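**Student:** Next up is a structure, given as structure tokens.
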Number of protein chains: 2
Amino acid sequence: MDLALQIRMNENLYLRNPEETELGRRIIRHSILMILDLGFEAFTFKKLAVEIGSTEASTYRYFENKHRLLLYIVSWYWSWLEYKITVHTNNIEDPMERLKKVILILGTYVEDDINTPHVDEDQLFKVVMVEGAKAFLTRHVDADYKQKIFKPYKSLCDRISAIICECNPEYAYARSLSSTLVETANFQNFFKRNLPSLTDFDKDHGDAEVVKYLEQLVFSAISK
Amino acid sequence: MDLALQIRMNENLYLRNPEETELGRRIIRHSILMILDLGFEAFTFKKLAVEIGSTEASTYRYFENKHRLLLYIVSWYWSWLEYKITVHTNNIEDPMERLKKVILILGTYVEDDINTPHVDEDQLFKVVMVEGAKAFLTRHVDADYKQKIFKPYKSLCDRISAIICECNPEYAYARSLSSTLVETANFQNFFKRNLPSLTDFDKDHGDAEVVKYLEQLVFSAISK
DNA sequence: TTATTAATGATAGTAATGCTATCACGAAAA
DNA sequence: TTTTCGTGATAGCATTACTATCATTAATAA
């Protein structure tokens, strides 16, 4: 059985659905690689078009601008993460164990998912680590928020919140702790690689240290 | 006695020291206001020049580009914060109380500091909240890091780490917890204002809730 | 005093960016 | 078989992100 995972994206994000055409999928795939390579600031639709052997104008038919493309990519990632978390936790009884699993998924470098051939999750993880926050750190957050652009992020946090509440219904900051957890996982991984003196982790060790830190942080916060 | 606070900045940040001239100070002051107003992406040296009645070329004599200007502004803020923390904690005996004070300072909306007439800390706080992370989330972090550009950030975190270690010498993640604390203070404040469903805070309440959340988070993490 | 230099302003120019518009072509759908 | 749809090709345009040159003025040194 060849089952492809299809994530339904907010229609406000694109002008033409990139999942539906070959060119669209090439735009997604290569923009991830190029943003990783050049950084979001130096990435342009012109460069992307050259890379995929298309034209700037064609790219603009899919996305209004490169920031919307970033939003698309990042949103896709949050949705995929939520899906992954759901799959890996729904057979776990103990909410504590489930939360542990969530932290492991958030804090660990990701492997490529064969179910989504046009996206390289491994690369996407790095893009989100570096560029993810730029999705909402803009002048038009409010407008984007009204367009429900951040629903996947909220949805992911809601799911984590729910687990936290199961662990300790009296804990008063389940939402904030969820968003803190998600952001901290990214930031500590980024610091570890790029600003190591801001962390206690060794660049050459694996992700286990970050995961342990996050676990200790979260579990001591919610322990009764 | 009229004592002006002067923060010594890393010389790699600028081409000409903006603190030393009237034009330089106008550049700093108005860039803070304009970045707040337009957002960093839409902010340009051209617009800044028009605003301060100067020219683009003159602005380029002070800063290589707008990202360096952002680095300057953000670094200035971290240095000023460290100074503020030092002043407000060095008469406190109990390290726990000192840490509490630090959290209060980090999590609370700032008032203007009369000692630095060319900077409006109140505005700067907001700029750092929204644009601060962009200072290091770039392709050239590594190069900037080597130029010691992030020393003020590291220095701030070191100071917080030291207090954490005093509270609990066995706690293994003092650095990571410090950077997490600093980032989380900004992010939760940002979310509270712009993506409220990612937090447990009320936009219309003051900063006390965020501070309480951060206190609970930090103190439960380091409690023995 | 005069000569020098330093900081700014004025102006120009250039490559790249961030778009928008138009037209033609081929493939697919009606 | 006609229409529509997606793409490519090309053009154009205002803005951005600089760099360069020259004149002016103020501060400084000889």
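Every chain in the structure tokens has a letter given in the order shown (A, B, ...), and although residue numbers restart at 1 in each chain, ligands are simply numbered from 1 in the order shown.
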Any idea which chain C residues end up within 12 Å of chain B if we count only C-alpha atoms (C1' of nucleotides), as a tab-separated table (two decimals) with N, CA and C atoms (P, O5', C5', C4', C3', O3' and C1' of nucleotides), in the first residue's frame please?
**Tutor:**
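The resulting selection.tsv:
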```tsv
chain	number	residue	atom	x	y	z
C	6	DA	P	41.85	63.31	9.35
C	6	DA	O5'	40.54	64.20	9.59
C	6	DA	C5'	40.26	64.71	10.90
C	6	DA	C4'	38.77	64.92	11.04
C	6	DA	C3'	37.92	63.71	10.66
C	6	DA	O3'	36.86	63.59	11.62
C	6	DA	C1'	37.29	65.58	9.34
C	7	DA	P	35.81	62.47	11.53
C	7	DA	O5'	34.52	63.29	11.08
C	7	DA	C5'	33.98	64.27	11.95
C	7	DA	C4'	32.76	64.87	11.29
C	7	DA	C3'	31.73	63.84	10.83
C	7	DA	O3'	30.45	64.23	11.31
C	7	DA	C1'	32.33	65.28	9.04
C	8	DT	P	29.16	63.38	11.01
C	8	DT	O5'	28.60	64.12	9.74
C	8	DT	C5'	28.04	65.41	9.91
C	8	DT	C4'	27.79	66.05	8.56
C	8	DT	C3'	26.67	65.40	7.77
C	8	DT	O3'	25.51	66.20	7.90
C	8	DT	C1'	28.51	66.09	6.41
C	9	DG	P	24.14	65.78	7.15
C	9	DG	O5'	24.36	66.46	5.72
C	9	DG	C5'	24.77	67.82	5.66
C	9	DG	C4'	24.76	68.29	4.22
C	9	DG	C3'	23.58	67.77	3.40
C	9	DG	O3'	23.13	68.83	2.57
C	9	DG	C1'	25.62	67.10	2.38
C	10	DA	P	21.80	68.72	1.70
C	10	DA	O5'	22.34	68.61	0.21
C	10	DA	C5'	23.55	69.25	-0.17
C	10	DA	C4'	23.85	68.88	-1.61
C	10	DA	C3'	22.67	68.25	-2.36
C	10	DA	O3'	22.57	68.87	-3.64
C	10	DA	C1'	24.54	66.79	-2.43
C	11	DT	P	21.37	68.53	-4.65
C	11	DT	O5'	22.04	67.44	-5.60
C	11	DT	C5'	23.35	67.67	-6.09
C	11	DT	C4'	23.87	66.41	-6.76
C	11	DT	C3'	22.80	65.59	-7.48
C	11	DT	O3'	23.08	65.64	-8.88
C	11	DT	C1'	24.31	64.22	-6.26
C	12	DA	P	22.14	64.86	-9.97
C	12	DA	O5'	23.07	63.62	-10.33
C	12	DA	C5'	24.48	63.72	-10.15
C	12	DA	C4'	25.13	62.38	-10.47
C	12	DA	C3'	24.24	61.46	-11.31
C	12	DA	O3'	25.02	60.95	-12.38
C	12	DA	C1'	24.94	60.36	-9.31
```
**Student:** Among stretch 56-193 of chain B, which residues carry a DSSP assignment of alpha helix (DSSP H), reported as a PyMOL selection string?
**Tutor:** chain B and resi 56-60+66-89+95-107+121-131+141-146+151-167+174-193
**Student:** Sorted by chain and rising residue number, list the residues of chain D at most 12 Å from chain B (counting only C-alpha atoms (C1' of nucleotides)), each with its closest atom pair and distance in Å to one decimal, as JSON lines.
**Tutor:**
```
{"residue": "D:DT15", "atom": "C1'", "partner": "B:Lys46", "partner_atom": "CA", "distance": 10.1}
{"residue": "D:DT16", "atom": "C1'", "partner": "B:Thr44", "partner_atom": "CA", "distance": 7.8}
{"residue": "D:DA17", "atom": "C1'", "partner": "B:Asn65", "partner_atom": "CA", "distance": 8.2}
{"residue": "D:DC18", "atom": "C1'", "partner": "B:Asn65", "partner_atom": "CA", "distance": 8.6}
{"residue": "D:DT19", "atom": "C1'", "partner": "B:Ala57", "partner_atom": "CA", "distance": 9.0}
{"residue": "D:DA20", "atom": "C1'", "partner": "B:Ala57", "partner_atom": "CA", "distance": 10.1}
{"residue": "D:DT21", "atom": "C1'", "partner": "B:Ala57", "partner_atom": "CA", "distance": 11.8}
```
**Student:** Save out the residues we just selected, C-alpha atoms (C1' of nucleotides), as a PDB file, in the first residue's frame.
**Tutor:**
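Below you can see again.pdb, which holds the result:
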```pdb
ATOM      1  C1'  DT D  15      12.652  50.611  -4.472  1.00  0.00           C
ATOM      2  C1'  DT D  16      16.632  48.805  -2.102  1.00  0.00           C
ATOM      3  C1'  DA D  17      21.273  48.458  -0.948  1.00  0.00           C
ATOM      4  C1'  DC D  18      24.817  50.069  -1.649  1.00  0.00           C
ATOM      5  C1'  DT D  19      29.507  52.909  -3.712  1.00  0.00           C
ATOM      6  C1'  DA D  20      31.742  56.935  -5.451  1.00  0.00           C
ATOM      7  C1'  DT D  21      32.774  61.725  -6.145  1.00  0.00           C
TER       8       DT D  21
END
```
**Student:** Within 6 Å of chain B, which residues belong to chain A? Use only C-alpha atoms and report them as a ChimeraX atom specification.
**Tutor:** /A:39,130,137,139,173,175-176,198-200,217,220-221
**Student:** Enter the distance from atom CA of A:Lys101 to atom CA of A:Ile85, in Å, rounded to one decimal.
**Tutor:**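 Calculated distance between atom CA of A:Lys101 and atom CA of A:Ile85 is 7.9 Å.
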**Student:** Which polymer residues have any atom within 7 Å of an atom of A:Arg26, counting only C-alpha atoms (C1' of nucleotides), with same-chain residues fewer than 4 positions away left out, as a ChimeraX atom specification?
**Tutor:** /A:22,30,52
**Student:** Mind giving me the straight-line distance from atom CA of A:Leu124 to atom CA of A:Leu33 in Å, one decimal?
**Tutor:** 8.1 Å
**Student:** If we count only C-alpha atoms (C1' of nucleotides) and set the cut-off at 12 Å, which residues sit around C:DA28, ignoring sequence neighbours fewer than 2 positions away in its own chain? Please answer as a short mmCIF file (atom, residue, chain, number, x, y, z; two decimals) with N, CA and C atoms (P, O5', C5', C4', C3', O3' and C1' of nucleotides), in the first residue's frame.
**Tutor:**
```
data_model
loop_
_atom_site.label_atom_id
_atom_site.label_comp_id
_atom_site.auth_asym_id
_atom_site.auth_seq_id
_atom_site.Cartn_x
_atom_site.Cartn_y
_atom_site.Cartn_z
P DG C 26 3.86 25.25 -29.46
"O5'" DG C 26 3.39 24.25 -28.31
"C5'" DG C 26 4.17 24.08 -27.15
"C4'" DG C 26 3.32 23.43 -26.08
"C3'" DG C 26 2.54 22.21 -26.59
"O3'" DG C 26 2.80 21.15 -25.69
"C1'" DG C 26 1.07 23.76 -25.52
P DA C 30 -13.57 19.56 -17.31
"O5'" DA C 30 -14.29 20.25 -18.55
"C5'" DA C 30 -14.18 21.68 -18.72
"C4'" DA C 30 -15.07 22.09 -19.89
"C3'" DA C 30 -16.45 21.44 -19.88
"O3'" DA C 30 -17.45 22.45 -20.01
"C1'" DA C 30 -15.30 20.94 -21.94
P DT D 3 -14.49 29.45 -28.56
"O5'" DT D 3 -14.06 29.39 -27.02
"C5'" DT D 3 -14.81 28.53 -26.17
"C4'" DT D 3 -13.95 28.04 -25.01
"C3'" DT D 3 -13.17 29.15 -24.29
"O3'" DT D 3 -13.74 29.24 -23.00
"C1'" DT D 3 -11.89 27.16 -24.52
P DT D 4 -13.49 30.34 -21.94
"O5'" DT D 4 -12.45 29.57 -20.99
"C5'" DT D 4 -12.78 28.31 -20.43
"C4'" DT D 4 -11.52 27.73 -19.79
"C3'" DT D 4 -10.69 28.81 -19.10
"O3'" DT D 4 -10.71 28.64 -17.69
"C1'" DT D 4 -9.33 27.36 -20.44
P DC D 5 -10.06 28.47 -16.50
"O5'" DC D 5 -8.67 27.71 -16.83
"C5'" DC D 5 -8.61 26.29 -16.74
"C4'" DC D 5 -7.16 25.87 -16.61
"C3'" DC D 5 -6.36 26.76 -15.65
"O3'" DC D 5 -5.61 25.90 -14.79
"C1'" DC D 5 -5.33 26.73 -17.80
P DG D 6 -4.74 26.42 -13.63
"O5'" DG D 6 -3.28 26.20 -14.20
"C5'" DG D 6 -2.83 24.88 -14.48
"C4'" DG D 6 -1.48 24.96 -15.13
"C3'" DG D 6 -0.45 25.76 -14.31
"O3'" DG D 6 0.73 24.98 -14.21
"C1'" DG D 6 -0.59 26.58 -16.55
#
```
**Student:** If you measure from atom CA of B:Lys100 to atom CA of B:Gly206, what distance in Å do you get, rounded to one decimal?
**Tutor:**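 Computing the Euclidean distance for atom CA of B:Lys100 and atom CA of B:Gly206 yields 17.3 Å.
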**Student:** Would you kindly return, as a PyMOL selection string, each protein, DNA or RNA residue with an atom no farther than 10 Å from any atom of D:DG12, considering only C-alpha atoms (C1' of nucleotides) and excluding same-chain residues fewer than 2 positions away?
**Tutor:** (chain C and resi 20-21) or (chain D and resi 10+14)
**Student:** Please save N, CA and C atoms (P, O5', C5', C4', C3', O3' and C1' of nucleotides) of the selected residues as a compact mmCIF listing (two decimals), in the first residue's frame.
**Tutor:**
```
# COMPACT_ATOMS: atom_id res chain seq x y z
P DT C 20 2.44 42.40 -7.17
O5' DT C 20 2.38 43.05 -8.63
C5' DT C 20 2.59 44.45 -8.81
C4' DT C 20 2.43 44.74 -10.29
C3' DT C 20 1.26 43.98 -10.93
O3' DT C 20 0.46 44.91 -11.64
C1' DT C 20 3.27 43.59 -12.14
P DA C 21 -0.82 44.39 -12.49
O5' DA C 21 -0.22 44.32 -13.97
C5' DA C 21 0.55 45.39 -14.50
C4' DA C 21 0.88 45.03 -15.94
C3' DA C 21 -0.24 44.24 -16.63
O3' DA C 21 -0.58 44.86 -17.86
C1' DA C 21 1.85 43.12 -16.85
P DT D 10 13.11 35.14 -24.09
O5' DT D 10 12.53 36.60 -23.83
C5' DT D 10 11.39 37.02 -24.54
C4' DT D 10 10.82 38.28 -23.91
C3' DT D 10 11.88 39.24 -23.38
O3' DT D 10 11.89 40.41 -24.22
C1' DT D 10 10.01 39.08 -21.93
P DA D 14 8.53 54.05 -12.12
O5' DA D 14 8.32 54.11 -10.55
C5' DA D 14 7.31 53.33 -9.93
C4' DA D 14 7.86 52.67 -8.68
C3' DA D 14 8.74 53.59 -7.83
O3' DA D 14 8.33 53.43 -6.47
C1' DA D 14 9.93 51.62 -8.33
```
